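**Q** So I've got this file, coords-v6.cif, and it contains mmCIF, C-alpha atoms and all ligand atoms:
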```cif
data_protein
loop_
_atom_site.label_atom_id
_atom_site.label_comp_id
_atom_site.auth_asym_id
_atom_site.auth_seq_id
_atom_site.Cartn_x
_atom_site.Cartn_y
_atom_site.Cartn_z
CA MET A 1 87.89 0.35 84.56
CA ALA A 2 87.18 4.04 85.10
CA LEU A 3 90.04 6.48 85.39
CA VAL A 4 89.75 9.00 88.19
CA ASN A 5 90.99 12.56 88.24
CA PRO A 6 91.83 13.51 91.84
CA ASP A 7 92.06 17.21 90.91
CA PHE A 8 88.59 17.35 89.37
CA ALA A 9 86.88 19.19 92.24
CA GLU A 10 89.71 21.75 92.12
CA GLU A 11 89.45 22.14 88.34
CA LEU A 12 85.74 22.82 88.61
CA LYS A 13 86.36 25.94 90.69
CA ALA A 14 87.10 27.75 87.42
CA PHE A 15 83.47 27.01 86.47
CA GLY A 16 81.97 28.34 89.65
CA VAL A 17 81.73 24.96 91.41
CA ASP A 18 83.36 25.05 94.82
CA THR A 19 80.89 23.31 97.13
CA ALA A 20 81.05 19.70 95.90
CA LEU A 21 83.13 18.51 98.84
CA GLU A 22 80.54 19.81 101.31
CA CYS A 23 78.10 17.10 100.18
CA PHE A 24 77.82 14.05 102.47
CA ASN A 25 75.62 12.10 100.05
CA CYS A 26 72.49 12.07 102.16
CA GLY A 27 70.28 11.94 99.05
CA THR A 28 67.85 14.68 100.13
CA CYS A 29 68.38 16.45 96.81
CA ALA A 30 67.60 13.31 94.81
CA ALA A 31 64.52 12.68 96.93
CA ILE A 32 63.08 16.15 96.36
CA CYS A 33 64.18 16.64 92.75
CA PRO A 34 61.12 16.70 90.46
CA LEU A 35 63.02 14.78 87.79
CA ILE A 36 62.87 11.57 89.86
CA PHE A 37 65.73 10.29 87.74
CA GLU A 38 68.47 7.85 88.76
CA HIS A 39 69.63 9.60 91.94
CA PHE A 40 69.99 12.91 90.15
CA PRO A 41 71.64 15.27 91.16
CA ARG A 42 73.36 13.37 94.00
CA LYS A 43 74.94 10.95 91.57
CA MET A 44 76.65 13.74 89.62
CA ILE A 45 77.98 15.31 92.81
CA ARG A 46 79.43 11.97 93.87
CA TYR A 47 81.18 11.70 90.50
CA VAL A 48 82.73 15.10 91.14
CA GLN A 49 83.88 14.07 94.61
CA VAL A 50 85.60 10.92 93.39
CA GLY A 51 86.96 12.58 90.25
CA ALA A 52 84.97 10.43 87.80
CA THR A 53 85.36 12.94 84.96
CA GLU A 54 84.72 10.32 82.28
CA LYS A 55 81.41 9.28 83.85
CA ILE A 56 80.23 12.88 83.80
CA LEU A 57 81.23 13.35 80.18
CA GLN A 58 79.55 10.06 79.18
CA GLN A 59 76.32 11.10 80.90
CA ALA A 60 76.64 14.80 80.10
CA GLN A 61 73.27 15.04 78.39
CA GLU A 62 71.53 14.27 81.70
CA LEU A 63 72.79 17.56 83.10
CA TRP A 64 70.41 19.40 80.78
CA ARG A 65 67.37 17.70 82.27
CA CYS A 66 67.80 19.88 85.35
CA LEU A 67 65.16 22.63 85.58
CA HIS A 68 67.31 24.94 87.71
CA CYS A 69 64.31 25.01 90.04
CA GLY A 70 66.51 25.23 93.14
CA LEU A 71 64.52 22.81 95.32
CA CYS A 72 67.65 20.72 95.95
CA THR A 73 69.65 23.75 97.06
CA GLN A 74 66.80 24.91 99.27
CA THR A 75 66.71 21.60 101.13
CA CYS A 76 70.38 20.51 101.16
CA PRO A 77 71.45 20.19 104.83
CA ARG A 78 75.11 20.89 103.96
CA GLN A 79 74.73 24.02 101.81
CA ALA A 80 76.40 22.12 98.99
CA ASP A 81 74.28 24.09 96.49
CA PRO A 82 73.53 21.15 94.17
CA ALA A 83 71.54 23.26 91.68
CA GLU A 84 74.50 25.57 91.14
CA LEU A 85 76.78 22.54 90.94
CA ILE A 86 74.77 21.14 88.04
CA LEU A 87 74.92 24.50 86.29
CA GLY A 88 78.68 24.60 86.85
CA LEU A 89 79.01 21.12 85.37
CA ARG A 90 77.10 22.30 82.29
CA ARG A 91 79.60 25.15 81.95
CA TYR A 92 82.46 22.66 82.28
CA VAL A 93 81.00 20.32 79.64
CA VAL A 94 80.25 23.15 77.20
CA ASP A 95 83.83 24.33 77.61
CA ARG A 96 85.12 20.79 76.86
CA TRP A 97 82.90 20.59 73.75
CA ARG A 98 84.16 23.91 72.51
CA ARG A 99 87.80 23.03 73.06
CA ALA A 100 87.49 19.56 71.51
CA MET B 1 65.54 14.69 74.47
CA TYR B 2 67.52 16.79 72.05
CA ASN B 3 71.25 17.18 72.09
CA PRO B 4 71.86 20.26 74.25
CA ARG B 5 74.93 21.04 72.19
CA ASP B 6 72.77 21.72 69.12
CA ILE B 7 70.32 23.84 71.09
CA ILE B 8 73.15 25.85 72.65
CA ASN B 9 74.77 26.43 69.26
CA LEU B 10 71.49 27.58 67.73
CA ILE B 11 70.50 29.89 70.55
CA GLY B 12 74.03 31.25 70.94
CA ALA B 13 74.18 32.07 67.22
CA ASN B 14 70.77 33.75 67.36
CA VAL B 15 71.72 35.91 70.34
CA ARG B 16 74.92 36.99 68.62
CA LYS B 17 72.98 37.83 65.48
CA SER B 18 69.85 39.52 66.81
CA ARG B 19 70.47 39.98 70.57
CA ASN B 20 67.52 37.67 71.33
CA PRO B 21 67.17 33.87 71.21
CA PHE B 22 65.11 33.80 68.00
CA GLY B 23 67.23 35.40 65.31
CA ILE B 24 64.45 37.90 64.56
CA PRO B 25 65.00 41.66 65.01
CA SER B 26 63.89 42.61 68.54
CA SER B 27 61.80 45.44 67.05
CA GLN B 28 59.64 42.79 65.38
CA ILE B 29 59.05 40.93 68.66
CA ASN B 30 58.67 43.99 70.85
CA THR B 31 55.48 45.77 69.77
CA TRP B 32 53.40 45.85 72.97
CA TRP B 33 54.25 49.49 73.74
CA ARG B 34 52.34 50.74 70.68
CA GLU B 35 49.11 49.99 72.54
CA ALA B 36 50.32 51.11 75.97
CA PRO B 37 48.57 54.09 77.54
CA GLY B 38 50.63 57.23 78.12
CA PHE B 39 54.10 55.83 78.61
CA THR B 40 56.97 58.23 78.36
CA ARG B 41 60.35 57.69 76.77
CA ARG B 42 62.02 60.15 79.14
CA PRO B 43 62.33 61.77 81.62
CA GLY B 44 61.69 59.26 84.34
CA ASP B 45 63.48 57.75 87.27
CA ALA B 46 63.52 54.02 86.46
CA LEU B 47 63.65 52.19 83.13
CA LEU B 48 60.89 49.65 82.58
CA LEU B 49 62.77 46.70 81.09
CA THR B 50 60.57 43.80 80.01
CA GLY B 51 63.56 41.70 78.89
CA LEU B 52 61.33 40.54 75.98
CA MET B 53 60.17 37.47 77.90
CA TYR B 54 56.40 38.02 77.69
CA GLN B 55 56.76 38.99 74.04
CA ALA B 56 58.84 35.85 73.43
CA ILE B 57 56.20 33.36 74.56
CA PRO B 58 54.35 33.04 71.23
CA TYR B 59 57.73 32.34 69.57
CA ILE B 60 58.73 29.80 72.23
CA GLU B 61 55.35 28.10 71.91
CA ALA B 62 55.64 27.89 68.13
CA THR B 63 59.11 26.39 68.50
CA THR B 64 57.94 23.90 71.11
CA ARG B 65 54.95 22.76 69.09
CA TYR B 66 57.37 21.96 66.29
CA LEU B 67 59.89 20.21 68.57
CA GLU B 68 57.19 18.29 70.43
CA ARG B 69 55.89 16.77 67.21
CA LEU B 70 59.41 15.71 66.23
CA GLU B 71 60.32 14.40 69.67
CA ASP B 72 57.32 12.08 69.80
CA SER B 73 57.62 10.97 66.21
CA ARG B 74 59.41 7.99 64.68
CA TRP B 75 62.21 10.43 63.83
CA ALA B 76 63.09 10.89 67.49
CA ASP B 77 65.79 8.21 67.66
CA TYR B 78 67.24 9.30 64.38
CA LEU B 79 67.40 12.91 65.57
CA ARG B 80 69.34 11.93 68.62
CA PHE B 81 72.31 11.09 66.43
CA ALA B 82 72.11 14.01 64.05
CA PRO B 83 72.70 17.72 64.42
CA LEU B 84 69.29 19.15 65.27
CA SER B 85 69.82 22.26 63.18
CA ARG B 86 69.62 20.20 59.96
CA TYR B 87 66.06 19.21 60.82
CA ILE B 88 64.82 22.62 61.79
CA PRO B 89 64.77 24.53 58.56
CA SER B 90 63.88 27.90 59.98
CA PHE B 91 62.11 27.29 63.23
CA VAL B 92 64.37 29.31 65.49
CA VAL B 93 65.90 31.35 62.79
CA GLY B 94 64.17 34.40 61.54
CA ARG B 95 61.11 34.82 59.42
CA GLY B 96 60.03 31.18 59.32
CA LEU B 97 59.41 31.28 63.05
CA ALA B 98 57.65 34.63 62.84
CA CYS B 99 55.18 33.03 60.41
CA LEU B 100 54.45 30.15 62.79
CA THR B 101 53.43 32.39 65.69
CA SER B 102 49.80 33.16 66.29
CA ARG B 103 48.56 36.73 66.23
CA ALA B 104 46.04 36.02 69.03
CA GLU B 105 48.79 34.66 71.28
CA LYS B 106 50.94 37.73 70.65
CA LYS B 107 48.03 39.99 71.52
CA GLN B 108 47.28 38.02 74.69
CA PHE B 109 50.83 38.40 76.05
CA ASN B 110 51.22 42.01 74.89
CA ARG B 111 48.06 42.89 76.79
CA ILE B 112 49.67 41.72 80.05
CA LEU B 113 52.51 44.19 79.54
CA VAL B 114 49.99 46.95 78.84
CA SER B 115 48.29 46.08 82.15
CA MET B 116 51.59 46.33 84.01
CA CYS B 117 52.26 49.71 82.44
CA ARG B 118 48.81 50.95 83.43
CA LEU B 119 49.21 49.67 87.00
CA LEU B 120 52.56 51.43 87.36
CA THR B 121 51.10 54.67 86.02
CA GLN B 122 48.13 54.45 88.36
CA SER B 123 50.52 53.86 91.26
CA ALA B 124 52.39 57.07 90.31
CA ALA B 125 55.62 55.12 89.78
CA ASP B 126 58.29 57.37 88.28
CA PHE B 127 59.32 55.33 85.25
CA PHE B 128 60.04 55.54 81.54
CA TYR B 129 60.14 53.11 78.67
CA HIS B 130 62.25 53.11 75.56
CA PRO B 131 61.82 50.17 73.14
CA GLU B 132 65.44 50.44 71.96
CA MET B 133 66.66 50.07 75.53
CA ASP B 134 64.52 47.03 76.25
CA PHE B 135 67.11 44.27 75.95
CA TYR B 136 66.85 40.52 76.35
CA SER B 137 68.88 39.60 79.47
CA GLY B 138 70.61 36.49 78.07
CA ILE B 139 69.23 34.27 80.83
CA LEU B 140 68.65 31.27 78.58
CA LEU B 141 72.34 31.19 77.65
CA TYR B 142 73.21 31.20 81.35
CA ASP B 143 70.75 28.40 82.12
CA LEU B 144 72.06 26.28 79.27
CA GLY B 145 75.65 26.63 80.49
CA ASP B 146 76.89 28.86 77.66
CA GLN B 147 78.82 31.03 80.06
CA GLU B 148 80.94 32.67 77.38
CA GLY B 149 77.87 33.63 75.35
CA PHE B 150 75.99 34.85 78.40
CA VAL B 151 78.82 37.03 79.70
CA GLU B 152 79.43 38.56 76.26
CA HIS B 153 75.74 39.41 75.88
CA ALA B 154 75.31 40.62 79.47
CA LYS B 155 78.28 42.95 79.08
CA PHE B 156 76.78 44.33 75.88
CA VAL B 157 73.46 45.01 77.65
CA ALA B 158 75.05 46.47 80.80
CA ARG B 159 77.32 48.73 78.74
CA ASN B 160 74.41 50.07 76.71
CA LEU B 161 72.22 50.69 79.73
CA LYS B 162 75.04 52.52 81.52
CA LEU B 163 75.72 54.58 78.38
CA HIS B 164 72.12 55.78 78.58
CA GLY B 165 72.54 56.68 82.24
CA VAL B 166 70.25 53.93 83.55
CA GLN B 167 70.58 53.30 87.29
CA LYS B 168 67.17 51.95 88.27
CA ILE B 169 65.32 49.18 86.48
CA ILE B 170 61.77 47.87 86.82
CA THR B 171 61.40 44.27 85.64
CA VAL B 172 58.31 42.24 84.79
CA ASP B 173 59.37 38.59 85.00
CA PRO B 174 61.39 36.49 87.47
CA HIS B 175 64.07 35.30 85.05
CA THR B 176 65.09 38.78 83.88
CA THR B 177 64.89 40.03 87.47
CA TYR B 178 67.26 37.30 88.62
CA ALA B 179 69.67 37.92 85.74
CA LEU B 180 69.88 41.68 86.31
CA LYS B 181 69.83 41.60 90.09
CA GLU B 182 72.06 38.62 90.85
CA LEU B 183 74.02 37.66 87.73
CA TYR B 184 74.94 41.01 86.17
CA PRO B 185 76.86 42.32 89.21
CA LYS B 186 78.71 39.00 89.43
CA TYR B 187 79.59 38.53 85.76
CA THR B 188 79.68 42.06 84.28
CA GLY B 189 80.75 44.04 87.33
CA VAL B 190 77.81 46.40 86.72
CA SER B 191 75.02 46.79 89.29
CA PHE B 192 71.58 48.31 88.87
CA ASP B 193 68.86 48.97 91.39
CA VAL B 194 66.39 46.29 90.20
CA GLN B 195 62.80 45.87 91.38
CA PRO B 196 59.93 43.77 90.03
CA TYR B 197 56.97 45.93 88.94
CA PHE B 198 54.68 44.62 91.67
CA ALA B 199 57.00 46.02 94.36
CA LEU B 200 56.04 49.51 93.14
CA LEU B 201 52.26 49.10 93.00
CA ARG B 202 50.22 51.16 95.46
CA PRO B 203 46.53 50.37 95.47
CA HIS B 204 44.38 53.27 96.68
CA GLN B 205 41.08 51.55 97.16
CA VAL B 206 40.67 48.54 99.37
CA SER B 207 38.10 45.76 99.12
CA ARG B 208 37.36 46.13 95.41
CA GLY B 209 37.34 42.39 95.00
CA ASN B 210 35.05 41.55 97.92
CA GLY B 211 32.81 38.58 97.30
CA ARG B 212 34.98 37.08 94.60
CA PRO B 213 35.88 33.40 94.79
CA PRO B 214 39.53 32.85 95.74
CA VAL B 215 42.38 32.33 93.29
CA ALA B 216 45.12 29.73 93.76
CA ILE B 217 48.68 31.09 93.57
CA HIS B 218 51.36 29.33 91.55
CA ASP B 219 54.69 30.82 92.66
CA PRO B 220 57.40 30.82 89.99
CA CYS B 221 60.63 29.19 91.26
CA PHE B 222 62.76 32.29 90.74
CA TYR B 223 60.45 34.66 92.64
CA GLY B 224 59.60 32.11 95.32
CA ARG B 225 62.95 30.50 96.01
CA TYR B 226 65.78 32.47 94.45
CA LEU B 227 64.53 36.02 95.03
CA LYS B 228 62.16 35.31 97.92
CA VAL B 229 59.49 37.85 97.00
CA SER B 230 56.39 35.64 97.23
CA GLU B 231 54.85 37.85 99.89
CA MET B 232 54.57 40.95 97.69
CA PRO B 233 51.89 39.67 95.28
CA ARG B 234 49.98 38.20 98.23
CA GLN B 235 50.01 41.58 99.98
CA LEU B 236 48.67 43.26 96.85
CA LEU B 237 45.83 40.76 96.59
CA THR B 238 45.02 41.34 100.26
CA ASP B 239 45.14 45.12 99.82
CA LEU B 240 42.65 44.84 96.97
CA GLY B 241 40.40 42.51 98.90
CA LEU B 242 41.03 39.67 96.47
CA PRO B 243 40.96 36.35 98.33
CA TYR B 244 43.54 33.70 97.52
CA THR B 245 44.25 30.17 98.58
CA GLU B 246 47.59 28.42 99.02
CA VAL B 247 48.27 25.21 97.15
CA ARG B 248 50.43 22.29 98.20
CA ASN B 249 54.03 23.41 97.63
CA CYS B 250 54.04 27.19 97.49
CA GLY B 251 56.26 30.18 98.29
CA GLU B 252 59.86 29.09 98.90
CA PHE B 253 58.87 25.46 98.39
CA THR B 254 56.91 25.95 95.20
CA SER B 255 56.93 23.16 92.59
CA CYS B 256 58.46 23.89 89.22
CA CYS B 257 56.00 23.92 86.30
CA GLY B 258 58.55 22.24 84.00
CA GLY B 259 58.89 25.19 81.64
CA PRO B 260 62.70 25.41 81.75
CA ALA B 261 62.95 21.89 80.27
CA GLU B 262 61.10 22.99 77.17
CA SER B 263 64.10 23.93 75.06
CA VAL B 264 65.78 20.52 75.37
CA SER B 265 62.84 18.22 75.99
CA PRO B 266 59.18 19.15 75.51
CA ALA B 267 58.30 15.61 76.71
CA LEU B 268 60.08 16.12 80.04
CA ASN B 269 58.34 19.46 80.40
CA ARG B 270 54.97 17.71 79.97
CA GLU B 271 55.81 15.15 82.64
CA ILE B 272 56.70 17.80 85.26
CA LEU B 273 53.82 20.01 84.18
CA ASP B 274 51.24 17.26 84.67
CA ARG B 275 52.36 16.78 88.27
CA ARG B 276 52.16 20.50 89.08
CA VAL B 277 48.78 20.79 87.38
CA ALA B 278 47.43 18.05 89.66
CA GLU B 279 48.57 20.04 92.73
CA LEU B 280 46.97 23.22 91.42
CA LYS B 281 43.74 21.51 90.40
CA ALA B 282 43.32 20.12 93.91
CA SER B 283 42.60 23.66 95.12
CA GLY B 284 39.55 23.86 92.86
CA ALA B 285 40.28 27.56 92.26
CA PRO B 286 41.37 29.41 89.11
CA VAL B 287 45.12 29.97 89.10
CA VAL B 288 47.11 33.18 89.11
CA THR B 289 50.83 33.33 88.42
CA PHE B 290 53.50 35.95 87.69
CA CYS B 291 55.92 34.51 85.18
CA PRO B 292 55.36 34.29 81.41
CA ILE B 293 56.91 30.83 81.16
CA CYS B 294 54.72 29.43 83.95
CA LEU B 295 51.68 31.15 82.48
CA ALA B 296 52.22 29.72 79.00
CA ASN B 297 52.92 26.28 80.38
CA LEU B 298 49.82 26.19 82.61
CA LEU B 299 47.67 27.53 79.76
CA LYS B 300 48.95 24.68 77.62
CA ALA B 301 47.71 22.24 80.25
CA GLY B 302 44.22 23.72 79.89
CA LEU B 303 44.08 25.22 83.37
CA PRO B 304 42.03 28.34 84.02
CA VAL B 305 45.00 30.62 84.67
CA GLU B 306 45.86 34.27 84.29
CA ASP B 307 48.73 36.62 84.99
CA LEU B 308 48.77 38.61 88.22
CA ALA B 309 48.90 41.87 86.21
CA SER B 310 45.67 41.05 84.35
CA LEU B 311 43.87 40.22 87.60
CA LEU B 312 45.12 43.35 89.38
CA ASP B 313 44.35 45.59 86.41
CA ARG B 314 40.74 44.36 86.30
CA ASN B 315 40.22 45.02 89.99
CA TRP B 316 42.27 48.18 90.48
S1 LIG A 401 74.03 17.83 97.74
FE1 LIG A 401 73.19 18.17 99.79
S2 LIG A 401 71.16 17.17 99.72
FE2 LIG A 401 72.33 16.36 97.98
S3 LIG A 401 73.29 14.48 98.74
FE3 LIG A 401 74.75 16.15 99.04
S4 LIG A 401 74.43 16.86 101.14
FE4 LIG A 401 72.62 15.65 100.57
S1 LIG A 402 67.55 22.34 90.45
FE1 LIG A 402 67.73 20.58 89.06
S2 LIG A 402 68.67 18.98 90.30
FE2 LIG A 402 67.88 20.51 91.73
S3 LIG A 402 65.83 19.82 92.30
FE3 LIG A 402 65.58 21.22 90.55
S4 LIG A 402 65.63 19.89 88.73
FE4 LIG A 402 66.45 18.67 90.43
#
```
Could I get this file's structure written as structure tokens?
Ligand code: SF4
Ligand code: SF4

**A**
Amino acid sequence: MALVNPDFAEELKAFGVDTALECFNCGTCAAICPLIFEHFPRKMIRYVQVGATEKILQQAQELWRCLHCGLCTQTCPRQADPAELILGLRRYVVDRWRRA
Amino acid sequence: MYNPRDIINLIGANVRKSRNPFGIPSSQINTWWREAPGFTRRPGDALLLTGLMYQAIPYIEATTRYLERLEDSRWADYLRFAPLSRYIPSFVVGRGLACLTSRAEKKQFNRILVSMCRLLTQSAADFFYHPEMDFYSGILLYDLGDQEGFVEHAKFVARNLKLHGVQKIITVDPHTTYALKELYPKYTGVSFDVQPYFALLRPHQVSRGNGRPPVAIHDPCFYGRYLKVSEMPRQLLTDLGLPYTEVRNCGEFTSCCGGPAESVSPALNREILDRRVAELKASGAPVVTFCPICLANLLKAGLPVEDLASLLDRNW
């Protein structure tokens, strides 16, 4: 059973991520993303929304597949800025590694 | 795919040591200016800051060739569970890497910077260049998520540029342009007036390129989408009478060449690159681009491709 952290989206604001709750999971970003990889980045954004911190840490390496190409942000209908969200998650994970 | 943690640690340590991602003195990487025609160290209005990206390509390519061989080898699985740095004796650290780089490649990328310098001079741009003030922007640290490392380095660069009275900066690649224009004000509190070199070019003669076959434009993501300056190079080509053709996915909707994946997964880079190459090949025209990472990546795919500066310089 996965533990959820209801304050996760709030915690991420310190890492420059403050748009996760704008996302309504339409999947446009995953459809346009050149990685064509397991609903990326939508899946990660959903994890943030539901506070699945552990899931993100388990799959952290996937965050570094992102090319920072910005296509997802360009096409997101909710201005959720998924590309920046992925970068913010990298900052969060690096911080966790360093503090571990 | 390599463990990003190892890559971040390596690159972070190199930047702290040498102020560039390779752990080699910047003076050893930055030699293009020795062949540049009539540049001046001062006075001048704007500092030409290359950010060392064009000069870095031969070093990145040498690194990638090494990583690519490892990633595809039977060691790949083993590497996934071990700190990468143990298996890379000196590939991103100092002299070992310098020995792996090819002289021809260095010359090829240095020549592009010389072309930019010549184009700026011929356009009567009021600029100066000083090798000691030509800093790496730290953009790779930012992209990798090493925020602490990026901010420390960016503050060092911003402080030094301000100390030398620099207000205006001319950049030559999209990644450095983005870092200085968008990230430095946000994370260092220091703002500069930043413009890419092609914004300052003023062709005098029109129609020099009449009768040439068209070139296909590959827009780099950061110029096309993030900075939205795709029109400028197109205008220059038009002004010089050089025909161009648009490919599927261009301008704000350009496709990534895959280059940014290179530091953590050369194999992923190849996968994305192959798809972009197919789009570019469909145009049937030789390709022109304006980013050193895109250029190196497309060259690797065997495409006929050149930098915008080389094309402009030849037809100026
Ligand atoms: S980030 Fe934007 S494009 Fe992606 S699923 Fe959410 S709303 Fe849709
Ligand atoms: S920025 Fe990253 S997540 Fe977004 S489309 Fe590009 S590769 Fe995919």

**Q** Using all atoms listed in the file, which residues have at least one atom no more than 8 Å from ligand LIG 402 (chain A)? Output them as a list in words.

**A**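 Going residue by residue within 8 Å of ligand LIG 402 (chain A), we get Cys29, Ala30, Ile32, Cys33, Pro34, Leu35, Ile36, Phe40, Pro41, Arg65, Cys66, Leu67, His68, Cys69, Gly70, Leu71, Cys72, Thr73, Pro82, Ala83, Glu84 and Ile86 of chain A; Cys256 of chain B.
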
**Q** Would you save the residues of that selection, restricted to C-alpha atoms, as a PDB file, keeping the file's coordinate frame?

**A**
```pdb
ATOM      1  CA  CYS A  29      68.380  16.450  96.810  1.00  0.00           C
ATOM      2  CA  ALA A  30      67.600  13.310  94.810  1.00  0.00           C
ATOM      3  CA  ILE A  32      63.080  16.150  96.360  1.00  0.00           C
ATOM      4  CA  CYS A  33      64.180  16.640  92.750  1.00  0.00           C
ATOM      5  CA  PRO A  34      61.120  16.700  90.460  1.00  0.00           C
ATOM      6  CA  LEU A  35      63.020  14.780  87.790  1.00  0.00           C
ATOM      7  CA  ILE A  36      62.870  11.570  89.860  1.00  0.00           C
ATOM      8  CA  PHE A  40      69.990  12.910  90.150  1.00  0.00           C
ATOM      9  CA  PRO A  41      71.640  15.270  91.160  1.00  0.00           C
ATOM     10  CA  ARG A  65      67.370  17.700  82.270  1.00  0.00           C
ATOM     11  CA  CYS A  66      67.800  19.880  85.350  1.00  0.00           C
ATOM     12  CA  LEU A  67      65.160  22.630  85.580  1.00  0.00           C
ATOM     13  CA  HIS A  68      67.310  24.940  87.710  1.00  0.00           C
ATOM     14  CA  CYS A  69      64.310  25.010  90.040  1.00  0.00           C
ATOM     15  CA  GLY A  70      66.510  25.230  93.140  1.00  0.00           C
ATOM     16  CA  LEU A  71      64.520  22.810  95.320  1.00  0.00           C
ATOM     17  CA  CYS A  72      67.650  20.720  95.950  1.00  0.00           C
ATOM     18  CA  THR A  73      69.650  23.750  97.060  1.00  0.00           C
ATOM     19  CA  PRO A  82      73.530  21.150  94.170  1.00  0.00           C
ATOM     20  CA  ALA A  83      71.540  23.260  91.680  1.00  0.00           C
ATOM     21  CA  GLU A  84      74.500  25.570  91.140  1.00  0.00           C
ATOM     22  CA  ILE A  86      74.770  21.140  88.040  1.00  0.00           C
TER      23      ILE A  86
ATOM     24  CA  CYS B 256      58.460  23.890  89.220  1.00  0.00           C
TER      25      CYS B 256
END
```

**Q** Using CA of Gly302 in chain B and CA of Met53 in chain B as the two end points, give the distance in Å to one decimal.

**A**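 Those two atoms sit 21.2 Å apart.
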
**Q** Counting all atoms listed in the file, what are the residues, protein, DNA or RNA alike, that approach ligand LIG 401 (chain A) to within 10 Å? I want them as a ChimeraX atom specification.

**A** /A:19-33,39-46,71-83,85

**Q** Could those selected residues go to a file with C-alpha atoms, as an mmCIF file, keeping the file's coordinate frame?

**A**
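After the write, selection-v2.cif holds the following:
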```
data_model
loop_
_atom_site.group_PDB
_atom_site.id
_atom_site.type_symbol
_atom_site.label_atom_id
_atom_site.label_comp_id
_atom_site.auth_asym_id
_atom_site.auth_seq_id
_atom_site.Cartn_x
_atom_site.Cartn_y
_atom_site.Cartn_z
ATOM 1 C CA THR A 19 80.890 23.310 97.130
ATOM 2 C CA ALA A 20 81.050 19.700 95.900
ATOM 3 C CA LEU A 21 83.130 18.510 98.840
ATOM 4 C CA GLU A 22 80.540 19.810 101.310
ATOM 5 C CA CYS A 23 78.100 17.100 100.180
ATOM 6 C CA PHE A 24 77.820 14.050 102.470
ATOM 7 C CA ASN A 25 75.620 12.100 100.050
ATOM 8 C CA CYS A 26 72.490 12.070 102.160
ATOM 9 C CA GLY A 27 70.280 11.940 99.050
ATOM 10 C CA THR A 28 67.850 14.680 100.130
ATOM 11 C CA CYS A 29 68.380 16.450 96.810
ATOM 12 C CA ALA A 30 67.600 13.310 94.810
ATOM 13 C CA ALA A 31 64.520 12.680 96.930
ATOM 14 C CA ILE A 32 63.080 16.150 96.360
ATOM 15 C CA CYS A 33 64.180 16.640 92.750
ATOM 16 C CA HIS A 39 69.630 9.600 91.940
ATOM 17 C CA PHE A 40 69.990 12.910 90.150
ATOM 18 C CA PRO A 41 71.640 15.270 91.160
ATOM 19 C CA ARG A 42 73.360 13.370 94.000
ATOM 20 C CA LYS A 43 74.940 10.950 91.570
ATOM 21 C CA MET A 44 76.650 13.740 89.620
ATOM 22 C CA ILE A 45 77.980 15.310 92.810
ATOM 23 C CA ARG A 46 79.430 11.970 93.870
ATOM 24 C CA LEU A 71 64.520 22.810 95.320
ATOM 25 C CA CYS A 72 67.650 20.720 95.950
ATOM 26 C CA THR A 73 69.650 23.750 97.060
ATOM 27 C CA GLN A 74 66.800 24.910 99.270
ATOM 28 C CA THR A 75 66.710 21.600 101.130
ATOM 29 C CA CYS A 76 70.380 20.510 101.160
ATOM 30 C CA PRO A 77 71.450 20.190 104.830
ATOM 31 C CA ARG A 78 75.110 20.890 103.960
ATOM 32 C CA GLN A 79 74.730 24.020 101.810
ATOM 33 C CA ALA A 80 76.400 22.120 98.990
ATOM 34 C CA ASP A 81 74.280 24.090 96.490
ATOM 35 C CA PRO A 82 73.530 21.150 94.170
ATOM 36 C CA ALA A 83 71.540 23.260 91.680
ATOM 37 C CA LEU A 85 76.780 22.540 90.940
#
```

**Q** Which residue out of A:Gln49, A:Glu38, A:Gln61, A:Lys55 has the minimum interatomic distance to Glu11 in chain A when all atoms listed in the file are used?

**A**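 Nearest candidate to Glu11 in chain A out of A:Gln49, A:Glu38, A:Gln61, A:Lys55: A:Gln49.
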
**Q** Give me, as CSV, each residue of chain B that comes within 9 Å of chain A, together with its shortest interatomic pair and the distance in Å at one decimal, counting only C-alpha atoms, with rows ordered by chain and rising residue number.

**A**
```
residue,atom,partner,partner_atom,distance
B:Met1,CA,A:Arg65,CA,8.6
B:Tyr2,CA,A:Gln61,CA,8.7
B:Asn3,CA,A:Gln61,CA,7.0
B:Pro4,CA,A:Trp64,CA,6.7
B:Arg5,CA,A:Val94,CA,7.6
B:Ile8,CA,A:Val94,CA,8.9
B:Tyr142,CA,A:Leu87,CA,8.5
B:Asp143,CA,A:Leu87,CA,7.1
B:Leu144,CA,A:Arg90,CA,7.1
B:Gly145,CA,A:Arg91,CA,4.5
B:Asp146,CA,A:Arg91,CA,6.3
B:Gln147,CA,A:Arg91,CA,6.2
B:Glu148,CA,A:Asp95,CA,8.8
B:Cys221,CA,A:Cys69,CA,5.7
B:Phe222,CA,A:Cys69,CA,7.5
B:Arg225,CA,A:Gly70,CA,7.0
B:Tyr226,CA,A:Gly70,CA,7.4
B:Glu252,CA,A:Gln74,CA,8.1
B:Phe253,CA,A:Leu71,CA,7.0
B:Thr254,CA,A:Leu71,CA,8.2
B:Ser255,CA,A:Pro34,CA,8.0
B:Cys256,CA,A:Cys69,CA,6.0
B:Gly258,CA,A:Leu67,CA,6.8
B:Gly259,CA,A:Leu67,CA,7.8
B:Pro260,CA,A:Leu67,CA,5.3
B:Ala261,CA,A:Leu67,CA,5.8
B:Val264,CA,A:Trp64,CA,7.2
B:Ser265,CA,A:Arg65,CA,7.8
B:Leu268,CA,A:Arg65,CA,7.8
B:Glu271,CA,A:Leu35,CA,8.9
B:Ile272,CA,A:Pro34,CA,6.9
```
